[in-house]
>>> print(open('protein14.txt').read())   # compact mmCIF, C-alpha atoms and all ligand atoms
# COMPACT_ATOMS: atom_id res chain seq x y z
CA MET Y 742 0.13 -14.72 -17.93
CA SER Y 743 -3.13 -13.69 -19.55
CA ARG Y 744 -4.32 -10.16 -19.04
CA LYS Y 745 -5.92 -9.69 -15.65
CA ILE Y 746 -7.46 -6.87 -13.68
CA ILE Y 747 -5.57 -5.37 -10.75
CA LEU Y 748 -7.06 -3.19 -8.03
CA THR Y 749 -4.98 -1.81 -5.23
CA GLY Y 750 -4.69 1.36 -3.22
CA ASP Y 751 -3.51 3.31 -0.22
CA ARG Y 752 -5.03 5.46 2.48
CA PRO Y 753 -3.86 9.04 1.99
CA THR Y 754 -2.86 9.65 5.59
CA GLY Y 755 0.76 10.49 4.89
CA PRO Y 756 3.49 10.27 2.29
CA LEU Y 757 4.48 6.79 1.08
CA HIS Y 758 7.71 5.21 2.29
CA LEU Y 759 10.21 2.53 1.30
CA GLY Y 760 8.03 -0.13 2.94
CA HIS Y 761 5.18 0.77 0.58
CA TYR Y 762 7.60 0.53 -2.31
CA VAL Y 763 8.84 -2.94 -1.41
CA GLY Y 764 5.38 -4.20 -0.40
CA SER Y 765 3.38 -3.05 -3.37
CA LEU Y 766 4.49 -0.02 -5.42
CA LYS Y 767 7.25 -1.99 -7.10
CA ALA Y 768 4.80 -4.71 -8.18
CA ARG Y 769 2.39 -2.09 -9.50
CA VAL Y 770 5.07 -0.55 -11.71
CA GLU Y 771 6.06 -3.99 -13.01
CA LEU Y 772 2.53 -5.29 -13.55
CA GLN Y 773 1.04 -2.28 -15.32
CA ASP Y 774 2.43 -3.35 -18.69
CA GLN Y 775 0.76 -6.77 -18.75
CA HIS Y 776 -2.51 -6.12 -16.96
CA GLN Y 777 -5.29 -3.62 -16.61
CA GLN Y 778 -4.51 -1.81 -13.40
CA PHE Y 779 -6.61 0.44 -11.15
CA VAL Y 780 -4.89 2.25 -8.28
CA MET Y 781 -7.16 3.86 -5.76
CA ILE Y 782 -6.46 6.68 -3.33
CA ALA Y 783 -8.61 5.46 -0.44
CA ASP Y 784 -9.72 8.76 1.06
CA ALA Y 785 -13.03 7.37 2.33
CA GLN Y 786 -11.21 4.57 4.12
CA ALA Y 787 -8.81 7.16 5.59
CA LEU Y 788 -11.84 9.00 7.00
CA THR Y 789 -12.87 5.89 8.97
CA ASP Y 790 -10.21 6.71 11.55
CA HIS Y 791 -9.57 10.38 10.69
CA ALA Y 792 -13.08 11.82 10.37
CA ASP Y 793 -11.84 14.96 12.12
CA LYS Y 794 -9.03 15.55 9.62
CA PRO Y 795 -10.48 15.87 6.10
CA ASP Y 796 -7.98 18.63 5.41
CA MET Y 797 -5.05 16.36 6.17
CA ILE Y 798 -6.53 13.74 3.85
CA ARG Y 799 -7.15 16.28 1.11
CA GLN Y 800 -3.50 17.35 1.19
CA ASN Y 801 -2.25 13.80 1.22
CA ILE Y 802 -4.30 12.86 -1.84
CA PHE Y 803 -2.01 15.13 -3.84
CA GLN Y 804 1.12 13.82 -2.06
CA VAL Y 805 0.21 10.17 -2.66
CA ALA Y 806 -0.61 10.92 -6.30
CA LEU Y 807 2.87 12.48 -6.60
CA ASP Y 808 4.41 9.39 -4.98
CA TYR Y 809 2.64 7.17 -7.53
CA LEU Y 810 3.74 9.23 -10.50
CA ALA Y 811 7.26 9.60 -9.09
CA VAL Y 812 7.86 5.85 -8.76
CA GLY Y 813 6.70 5.31 -12.31
CA ILE Y 814 3.04 4.35 -12.09
CA ASP Y 815 2.11 5.58 -15.53
CA PRO Y 816 -1.33 7.16 -15.91
CA LYS Y 817 -1.33 6.08 -19.56
CA LYS Y 818 -1.29 2.45 -18.41
CA THR Y 819 -2.83 2.65 -14.94
CA THR Y 820 -6.10 4.25 -13.91
CA ILE Y 821 -5.44 6.30 -10.78
CA PHE Y 822 -8.61 7.46 -9.01
CA ILE Y 823 -10.14 8.82 -5.80
CA GLN Y 824 -12.33 6.42 -3.82
CA SER Y 825 -14.92 8.83 -2.44
CA LEU Y 826 -15.88 9.96 -5.95
CA ILE Y 827 -17.14 6.49 -6.91
CA PRO Y 828 -20.69 6.24 -5.45
CA ALA Y 829 -21.11 2.60 -6.56
CA LEU Y 830 -18.52 1.57 -3.94
CA PHE Y 831 -20.75 2.77 -1.12
CA GLU Y 832 -23.84 1.10 -2.48
CA LEU Y 833 -21.99 -2.20 -2.89
CA THR Y 834 -20.69 -1.87 0.66
CA THR Y 835 -24.24 -1.57 1.95
CA TYR Y 836 -25.36 -4.79 0.23
CA TYR Y 837 -22.23 -6.71 1.26
CA LEU Y 838 -22.60 -5.71 4.91
CA ASN Y 839 -25.67 -7.96 5.03
CA LEU Y 840 -23.54 -10.94 4.04
CA VAL Y 841 -21.11 -10.75 6.93
CA THR Y 842 -21.60 -11.19 10.65
CA TRP Y 843 -20.53 -8.80 13.35
CA ASN Y 844 -18.63 -11.64 14.92
CA ARG Y 845 -16.62 -12.19 11.74
CA LEU Y 846 -15.74 -8.48 11.58
CA LYS Y 847 -14.50 -8.56 15.16
CA HIS Y 848 -12.03 -11.30 14.28
CA ASN Y 849 -10.24 -9.61 11.39
CA PRO Y 850 -6.65 -9.70 12.71
CA THR Y 851 -5.50 -6.49 11.01
CA VAL Y 852 -8.49 -4.52 12.27
CA LYS Y 853 -8.05 -6.03 15.73
CA GLN Y 854 -4.46 -4.92 15.84
CA GLU Y 855 -5.30 -1.43 14.62
CA ILE Y 856 -8.05 -1.07 17.24
CA GLN Y 857 -5.52 -1.99 19.89
CA GLN Y 858 -2.82 0.35 18.52
CA LYS Y 859 -5.26 3.25 18.41
CA GLY Y 860 -6.65 2.41 21.84
CA TYR Y 861 -10.25 2.43 20.62
CA GLY Y 862 -11.62 -0.43 22.71
CA ASP Y 863 -15.39 -0.58 22.27
CA ASN Y 864 -15.45 3.02 21.10
CA VAL Y 865 -14.16 2.07 17.67
CA PRO Y 866 -15.94 4.09 14.96
CA ALA Y 867 -18.51 1.85 13.26
CA GLY Y 868 -17.18 2.86 9.85
CA PHE Y 869 -13.72 1.69 10.87
CA MET Y 870 -15.06 -1.63 12.10
CA VAL Y 871 -16.58 -2.38 8.71
CA TYR Y 872 -13.84 -1.01 6.46
CA PRO Y 873 -12.82 -4.51 5.32
CA ILE Y 874 -16.24 -4.78 3.69
CA SER Y 875 -15.80 -1.46 1.96
CA GLN Y 876 -12.47 -2.83 0.79
CA ALA Y 877 -14.31 -5.88 -0.59
CA ALA Y 878 -16.46 -3.41 -2.53
CA ASP Y 879 -13.32 -1.66 -3.86
CA ILE Y 880 -11.89 -4.92 -5.12
CA THR Y 881 -15.05 -6.51 -6.53
CA ALA Y 882 -16.34 -3.31 -8.16
CA PHE Y 883 -13.50 -3.67 -10.65
CA LYS Y 884 -13.82 -7.46 -10.89
CA ALA Y 885 -10.16 -7.55 -9.88
CA ASN Y 886 -8.35 -10.90 -9.94
CA LEU Y 887 -5.07 -9.59 -8.56
CA VAL Y 888 -4.36 -7.40 -5.55
CA PRO Y 889 -0.67 -6.54 -4.93
CA VAL Y 890 -0.46 -5.64 -1.25
CA GLY Y 891 1.66 -5.92 1.87
CA ASP Y 892 1.08 -8.92 4.12
CA ASP Y 893 -1.06 -6.91 6.58
CA GLN Y 894 -3.72 -6.78 3.86
CA VAL Y 895 -4.09 -10.54 3.45
CA PRO Y 896 -7.04 -10.69 5.90
CA MET Y 897 -8.86 -8.16 3.68
CA ILE Y 898 -8.45 -10.40 0.65
CA GLU Y 899 -9.72 -13.38 2.63
CA GLN Y 900 -12.71 -11.39 3.76
CA THR Y 901 -13.35 -10.30 0.17
CA THR Y 902 -13.22 -13.90 -1.03
CA GLU Y 903 -15.84 -14.82 1.57
CA VAL Y 904 -18.12 -12.01 0.42
CA VAL Y 905 -17.69 -13.04 -3.23
CA ARG Y 906 -18.56 -16.68 -2.52
CA LYS Y 907 -21.49 -15.79 -0.33
CA PHE Y 908 -22.89 -13.32 -2.85
CA ASN Y 909 -22.55 -15.64 -5.82
CA ARG Y 910 -24.08 -18.52 -3.86
CA MET Y 911 -26.92 -16.55 -2.34
CA TYR Y 912 -27.95 -14.89 -5.60
CA ASN Y 913 -27.10 -17.93 -7.68
CA CYS Y 914 -24.80 -16.09 -10.06
CA SER Y 915 -21.16 -15.63 -10.97
CA VAL Y 916 -21.13 -11.85 -11.06
CA LEU Y 917 -18.38 -11.30 -8.48
CA VAL Y 918 -14.79 -12.39 -9.06
CA GLU Y 919 -12.54 -13.98 -6.44
CA PRO Y 920 -9.34 -11.98 -5.94
CA GLU Y 921 -5.86 -13.25 -5.31
CA ALA Y 922 -3.25 -11.38 -3.26
CA ILE Y 923 0.16 -10.84 -4.80
CA LEU Y 924 2.70 -10.67 -2.03
CA SER Y 925 6.17 -9.29 -2.55
CA ASN Y 926 8.92 -11.94 -2.37
CA MET Y 927 10.73 -9.61 0.02
CA ALA Y 928 9.57 -9.97 3.62
CA ARG Y 929 8.13 -6.74 4.97
CA LEU Y 930 10.62 -3.95 5.35
CA PRO Y 931 11.66 -3.19 8.95
CA GLY Y 932 11.83 0.36 10.29
CA ILE Y 933 15.09 2.28 10.69
CA ASP Y 934 14.74 1.49 14.41
CA GLY Y 935 14.86 -2.26 13.68
CA LYS Y 936 11.17 -2.74 14.55
CA ALA Y 937 9.41 -5.35 12.44
CA LYS Y 938 7.54 -2.90 10.25
CA MET Y 939 8.22 0.46 8.67
CA SER Y 940 5.22 2.58 9.48
CA LYS Y 941 4.53 6.29 9.44
CA SER Y 942 2.85 6.15 12.83
CA LEU Y 943 5.91 4.50 14.40
CA GLY Y 944 8.15 7.34 13.18
CA ASN Y 945 10.66 4.88 11.72
CA SER Y 946 10.18 5.50 8.00
CA ILE Y 947 12.24 6.72 5.10
CA PHE Y 948 9.79 8.46 2.80
CA LEU Y 949 10.05 8.44 -0.98
CA SER Y 950 9.82 12.23 -0.74
CA ASP Y 951 12.61 12.67 1.85
CA THR Y 952 15.42 15.03 0.80
CA THR Y 953 19.00 13.78 0.45
CA ASP Y 954 19.88 15.39 3.82
CA VAL Y 955 17.01 13.74 5.64
CA VAL Y 956 17.83 10.34 4.17
CA ALA Y 957 21.49 10.77 5.21
CA LYS Y 958 20.45 11.60 8.77
CA LYS Y 959 18.06 8.68 8.96
CA VAL Y 960 20.59 6.17 7.63
CA LYS Y 961 23.22 7.42 10.10
CA SER Y 962 20.78 6.91 12.97
CA MET Y 963 19.79 3.40 11.87
CA TYR Y 964 19.62 0.54 14.30
CA THR Y 965 22.19 -2.19 13.60
CA ASP Y 966 23.42 -5.11 15.66
CA PRO Y 967 23.59 -3.86 19.27
CA GLY Y 968 26.20 -6.55 20.02
CA HIS Y 969 28.54 -5.13 17.37
CA ILE Y 970 30.39 -2.74 19.62
CA ARG Y 971 33.98 -2.64 18.39
CA ILE Y 972 34.82 -2.86 14.70
CA GLU Y 973 36.71 -6.12 15.29
CA ASP Y 974 33.63 -7.78 16.83
CA PRO Y 975 31.70 -10.21 14.66
CA GLY Y 976 28.32 -8.68 13.73
CA LYS Y 977 24.89 -10.08 12.99
CA VAL Y 978 23.30 -9.71 9.59
CA GLU Y 979 19.92 -11.24 10.43
CA GLY Y 980 17.58 -8.72 11.98
CA ASN Y 981 19.98 -5.95 11.00
CA PRO Y 982 17.91 -3.51 8.94
CA VAL Y 983 20.97 -2.04 7.22
CA PHE Y 984 21.51 -5.37 5.47
CA THR Y 985 17.80 -5.92 4.89
CA TYR Y 986 17.66 -2.58 3.04
CA LEU Y 987 20.77 -3.50 1.03
CA ASP Y 988 19.06 -6.74 0.00
CA ALA Y 989 15.94 -4.82 -0.97
CA PHE Y 990 17.52 -1.93 -2.88
CA GLY Y 991 21.12 -2.89 -3.73
CA LYS Y 992 21.96 -3.97 -7.26
CA ASP Y 993 25.47 -5.32 -6.71
CA LYS Y 994 24.56 -8.63 -5.04
CA ALA Y 995 28.18 -9.87 -5.02
CA LYS Y 996 29.35 -6.79 -3.15
CA ILE Y 997 26.50 -7.15 -0.64
CA GLU Y 998 27.43 -10.79 0.02
CA GLU Y 999 31.03 -9.73 0.52
CA LEU Y 1000 30.02 -7.05 3.01
CA LYS Y 1001 27.84 -9.52 4.89
CA ALA Y 1002 30.65 -12.06 5.18
CA HIS Y 1003 33.10 -9.40 6.33
CA TYR Y 1004 30.62 -8.02 8.88
CA GLN Y 1005 29.93 -11.47 10.30
CA LYS Y 1006 33.62 -12.24 10.57
CA GLY Y 1007 34.37 -8.93 12.27
CA GLY Y 1008 36.47 -5.98 11.17
CA LEU Y 1009 33.81 -4.08 9.27
CA GLY Y 1010 32.42 -0.96 10.92
CA ASP Y 1011 28.73 -0.02 10.85
CA SER Y 1012 29.58 3.38 9.44
CA VAL Y 1013 31.17 1.81 6.36
CA VAL Y 1014 28.12 -0.33 5.65
CA LYS Y 1015 25.82 2.63 6.27
CA LYS Y 1016 27.83 4.78 3.90
CA TYR Y 1017 27.33 2.19 1.17
CA LEU Y 1018 23.62 1.86 2.00
CA LEU Y 1019 23.28 5.63 1.72
CA GLU Y 1020 24.79 5.53 -1.78
CA VAL Y 1021 22.42 2.73 -2.74
CA LEU Y 1022 19.36 4.56 -1.41
CA GLN Y 1023 20.29 7.90 -2.92
CA SER Y 1024 20.71 6.38 -6.35
CA PHE Y 1025 17.39 4.54 -5.94
CA LEU Y 1026 15.62 7.73 -4.83
CA GLU Y 1027 17.23 10.17 -7.25
CA PRO Y 1028 15.08 9.45 -10.33
CA ILE Y 1029 12.02 9.30 -8.06
CA ARG Y 1030 12.84 12.76 -6.69
CA ASP Y 1031 13.39 14.13 -10.18
CA ARG Y 1032 10.05 12.88 -11.46
CA ARG Y 1033 8.33 14.11 -8.34
CA LYS Y 1034 9.72 17.60 -8.86
CA GLU Y 1035 8.40 17.67 -12.42
CA PHE Y 1036 4.86 16.76 -11.44
CA GLU Y 1037 4.92 18.89 -8.29
CA GLN Y 1038 5.30 21.98 -10.43
CA ASP Y 1039 2.12 21.19 -12.31
CA LYS Y 1040 -0.56 20.51 -9.74
CA GLY Y 1041 -3.24 21.28 -12.34
CA GLU Y 1042 -1.97 18.45 -14.52
CA VAL Y 1043 -1.89 15.99 -11.59
CA MET Y 1044 -5.45 16.89 -10.61
CA ARG Y 1045 -6.52 16.54 -14.24
CA LEU Y 1046 -5.01 13.03 -14.35
CA LEU Y 1047 -6.89 12.13 -11.16
CA ARG Y 1048 -10.14 13.46 -12.56
CA GLU Y 1049 -9.74 11.51 -15.81
CA GLY Y 1050 -8.86 8.33 -13.94
CA THR Y 1051 -11.82 8.80 -11.63
CA GLU Y 1052 -14.20 9.03 -14.61
CA VAL Y 1053 -12.87 5.78 -16.06
CA ALA Y 1054 -13.11 4.06 -12.67
CA ARG Y 1055 -16.63 5.31 -12.12
CA ALA Y 1056 -17.83 3.77 -15.38
CA ALA Y 1057 -16.23 0.41 -14.51
CA ALA Y 1058 -17.75 0.34 -11.01
CA ASP Y 1059 -21.16 1.40 -12.30
CA ALA Y 1060 -21.17 -1.53 -14.74
CA THR Y 1061 -20.53 -3.97 -11.87
CA LEU Y 1062 -23.22 -2.34 -9.77
CA THR Y 1063 -25.71 -2.86 -12.62
CA ASP Y 1064 -24.77 -6.58 -12.69
CA VAL Y 1065 -25.06 -6.81 -8.90
CA ARG Y 1066 -28.51 -5.24 -8.83
CA ALA Y 1067 -29.66 -7.53 -11.62
CA ALA Y 1068 -28.30 -10.60 -9.83
CA MET Y 1069 -30.15 -9.59 -6.67
CA GLY Y 1070 -33.29 -8.86 -8.67
CA ILE Y 1071 -33.52 -5.31 -7.35
CA ASN Y 1072 -33.34 -3.78 -10.83
CA TYR Y 1073 -36.92 -2.59 -10.53
CA PHE Y 1074 -37.36 -0.54 -13.68
N1 LIG V 1 -6.32 -0.83 3.31
C1 LIG V 1 -5.37 -0.28 2.39
C2 LIG V 1 -4.35 0.48 3.22
O1 LIG V 1 -4.15 0.25 4.34
C3 LIG V 1 -5.98 0.65 1.38
C4 LIG V 1 -7.04 0.01 0.52
C5 LIG V 1 -8.36 0.38 0.48
C6 LIG V 1 -6.88 -1.06 -0.40
N2 LIG V 1 -9.03 -0.39 -0.42
C7 LIG V 1 -8.17 -1.29 -0.96
C8 LIG V 1 -5.81 -1.87 -0.79
C9 LIG V 1 -8.38 -2.30 -1.89
C10 LIG V 1 -6.03 -2.87 -1.71
C11 LIG V 1 -7.31 -3.10 -2.25
O2 LIG V 1 -3.69 1.38 2.78
>>> encode(input="protein14.txt", output="structure tokens")
Amino acid sequence: MSRKIILTGDRPTGPLHLGHYVGSLKARVELQDQHQQFVMIADAQALTDHADKPDMIRQNIFQVALDYLAVGIDPKKTTIFIQSLIPALFELTTYYLNLVTWNRLKHNPTVKQEIQQKGYGDNVPAGFMVYPISQAADITAFKANLVPVGDDQVPMIEQTTEVVRKFNRMYNCSVLVEPEAILSNMARLPGIDGKAKMSKSLGNSIFLSDTTDVVAKKVKSMYTDPGHIRIEDPGKVEGNPVFTYLDAFGKDKAKIEELKAHYQKGGLGDSVVKKYLLEVLQSFLEPIRDRRKEFEQDKGEVMRLLREGTEVARAAADATLTDVRAAMGINYF
């Protein structure tokens, strides 16, 4: 594949979990060697539904940066930056907002679902309502072709594509670049409670920063097949998060297939499978914990990396803004 530009990011509203890893962190680590990658800590987007908690966001910027560094996003290859420090993003957002209708914004399925979950009704903050357009600014400011994200973000990419086409058509130019989502081949990771999605707000997450004890407790409490009551009973593998996690994180595929067959036949206890899953997860998390500890001890260095990345990102976004203003003919002087 020829060298492309990647832009992706996360709202710093909490530590990142295994679902983030499967959905997009893993791809970022793999793709950073071949492509030019920007990873954004979306603090301004986090403010759209947490305007009253800037302190929480401030603390989580550092935690998310640690998560990135811990999983192996390498600041020598990837530009990690803070969204609110890139003024061009907000100017682009303003221009793009004129290219989208209110009706279209109301029908973004991810936003709709979030409004419902948060119980906003008509009292949804206006900034929250338009965050998909600010996300279009994030993506286009870097002329990104590739966006590795979880499936809940697909509507944002579609909305961005619409903005790109409309802008290029209206101003008769080819300044903006159409992005493409990269979806993980693994379906989204369920929560430890068996619910469809691992999510911090549902309280069903295993965080990358969880200690060995916490992970052990969480794995022990995991939902399995409720019909698997006695060890001799045949058990279900589909919809059983213990096996989904083994598929996602286990290396010994033959052993996992064996366990599945045994479980389905009956005679394999949940506790045995969970014990193996715990081993698998601890050995996945161990190097992540080690790297996290290293960086945690040097907050100054982490903040320096963020500042450097932010300067690089600012220059890239400014260049696009110059092109955008020229295309619109509002480059007055
Ligand atoms: N919406 C993303 C999230 O929920 C964060 C984000 C903001 C993002 N801007 C982006 C993701 C641009 C990909 C591309 O965490």
>>> atom_distance(input="protein14.txt", atom1="CA of Gln804 in chain Y", atom2="CA of Asp1039 in chain Y")
12.7 Å
>>> closest_residue(input="protein14.txt", among="Y:Val841, Y:Val1021, Y:Leu887, Y:Ile823", to="Ser743 in chain Y", atoms="all atoms listed in the file")
Y:Leu887
>>> closest_residue(input="protein14.txt", among="Y:Glu973, Y:Asp751, Y:Asp934, Y:Glu1027", to="ligand LIG 1 (chain V)", atoms="all atoms listed in the file")
Y:Asp751
>>> atom_distance(input="protein14.txt", atom1="CA of Ala885 in chain Y", atom2="CA of Ile746 in chain Y")
4.7 Å
>>> atom_distance(input="protein14.txt", atom1="CA of Leu748 in chain Y", atom2="CA of Gln777 in chain Y")
8.8 Å
>>> residues_near_ligand(input="protein14.txt", ligand="ligand LIG 1 (chain V)", cutoff="7 Å", atoms="all atoms listed in the file", output="mmCIF file with C-alpha atoms, in the frame of the given file")
data_model
loop_
_atom_site.group_PDB
_atom_site.id
_atom_site.type_symbol
_atom_site.label_atom_id
_atom_site.label_comp_id
_atom_site.auth_asym_id
_atom_site.auth_seq_id
_atom_site.Cartn_x
_atom_site.Cartn_y
_atom_site.Cartn_z
ATOM 1 C CA LEU Y 748 -7.060 -3.190 -8.030
ATOM 2 C CA THR Y 749 -4.980 -1.810 -5.230
ATOM 3 C CA GLY Y 750 -4.690 1.360 -3.220
ATOM 4 C CA ASP Y 751 -3.510 3.310 -0.220
ATOM 5 C CA ARG Y 752 -5.030 5.460 2.480
ATOM 6 C CA ALA Y 783 -8.610 5.460 -0.440
ATOM 7 C CA GLN Y 786 -11.210 4.570 4.120
ATOM 8 C CA GLN Y 876 -12.470 -2.830 0.790
ATOM 9 C CA ASP Y 879 -13.320 -1.660 -3.860
ATOM 10 C CA ILE Y 880 -11.890 -4.920 -5.120
ATOM 11 C CA VAL Y 888 -4.360 -7.400 -5.550
ATOM 12 C CA VAL Y 890 -0.460 -5.640 -1.250
ATOM 13 C CA GLN Y 894 -3.720 -6.780 3.860
#
>>> residues_around(input="protein14.txt", residues="Leu949 in chain Y", least_positions_apart="6", cutoff="8 Å", atoms="only C-alpha atoms", output="list in words")
Pro756, Leu757, His758, Leu759, Asp808, Leu1026, Ile1029 and Arg1030 of chain Y
>>> closest_residue(input="protein14.txt", among="Y:Ile933, Y:Ile1071, Y:Ile747, Y:Val1043", to="Ser962 in chain Y", atoms="all atoms listed in the file")
Y:Ile933
>>> closest_residue(input="protein14.txt", among="Y:Leu1062, Y:Leu1019, Y:Ile827, Y:Leu807", to="Glu1035 in chain Y", atoms="only C-alpha atoms")
Y:Leu807
>>> closest_residue(input="protein14.txt", among="Y:Glu771, Y:Arg744, Y:Thr820, Y:Phe869", to="His791 in chain Y", atoms="only C-alpha atoms")
Y:Phe869
>>> closest_residue(input="protein14.txt", among="Y:Thr1061, Y:Asn839, Y:Gln1023, Y:Ser940", to="Gly760 in chain Y", atoms="all atoms listed in the file")
Y:Ser940
>>> residues_around(input="protein14.txt", residues="range 920-930 of chain Y", least_positions_apart="5", cutoff="10 Å", atoms="all atoms listed in the file", output="ChimeraX atom specification")
/Y:746-749,759-768,877,880-881,884-899,901-902,905,935-940,946,982,985-986,988-989
>>> residues_near_point(input="protein14.txt", point="(-14.3, 2.7, -12.6)", cutoff="9 Å", atoms="all atoms listed in the file", output="list in words")
Phe779, Thr820, Phe822, Ile827, Ala882, Phe883, Gly1050, Thr1051, Glu1052, Val1053, Ala1054, Arg1055, Ala1056, Ala1057, Ala1058, Asp1059 and Ala1060 of chain Y
>>> residues_around(input="protein14.txt", residues="Tyr1004 in chain Y", least_positions_apart="3", cutoff="9 Å", atoms="all atoms listed in the file", output="PDB file with C-alpha atoms, keeping the file's coordinate frame")
ATOM      1  CA  ILE Y 972      34.820  -2.860  14.700  1.00  0.00           C
ATOM      2  CA  ASP Y 974      33.630  -7.780  16.830  1.00  0.00           C
ATOM      3  CA  PRO Y 975      31.700 -10.210  14.660  1.00  0.00           C
ATOM      4  CA  GLY Y 976      28.320  -8.680  13.730  1.00  0.00           C
ATOM      5  CA  LYS Y 977      24.890 -10.080  12.990  1.00  0.00           C
ATOM      6  CA  VAL Y 978      23.300  -9.710   9.590  1.00  0.00           C
ATOM      7  CA  GLU Y 999      31.030  -9.730   0.520  1.00  0.00           C
ATOM      8  CA  LEU Y1000      30.020  -7.050   3.010  1.00  0.00           C
ATOM      9  CA  LYS Y1001      27.840  -9.520   4.890  1.00  0.00           C
ATOM     10  CA  GLY Y1007      34.370  -8.930  12.270  1.00  0.00           C
ATOM     11  CA  GLY Y1008      36.470  -5.980  11.170  1.00  0.00           C
ATOM     12  CA  LEU Y1009      33.810  -4.080   9.270  1.00  0.00           C
ATOM     13  CA  GLY Y1010      32.420  -0.960  10.920  1.00  0.00           C
ATOM     14  CA  ASP Y1011      28.730  -0.020  10.850  1.00  0.00           C
ATOM     15  CA  VAL Y1014      28.120  -0.330   5.650  1.00  0.00           C
TER      16      VAL Y1014
END
>>> residues_around(input="protein14.txt", residues="Phe908 in chain Y", least_positions_apart="3", cutoff="8 Å", atoms="only C-alpha atoms", output="list in words")
Tyr837, Leu840, Val904, Val905, Met911, Tyr912, Asn913, Cys914 and Leu917 of chain Y
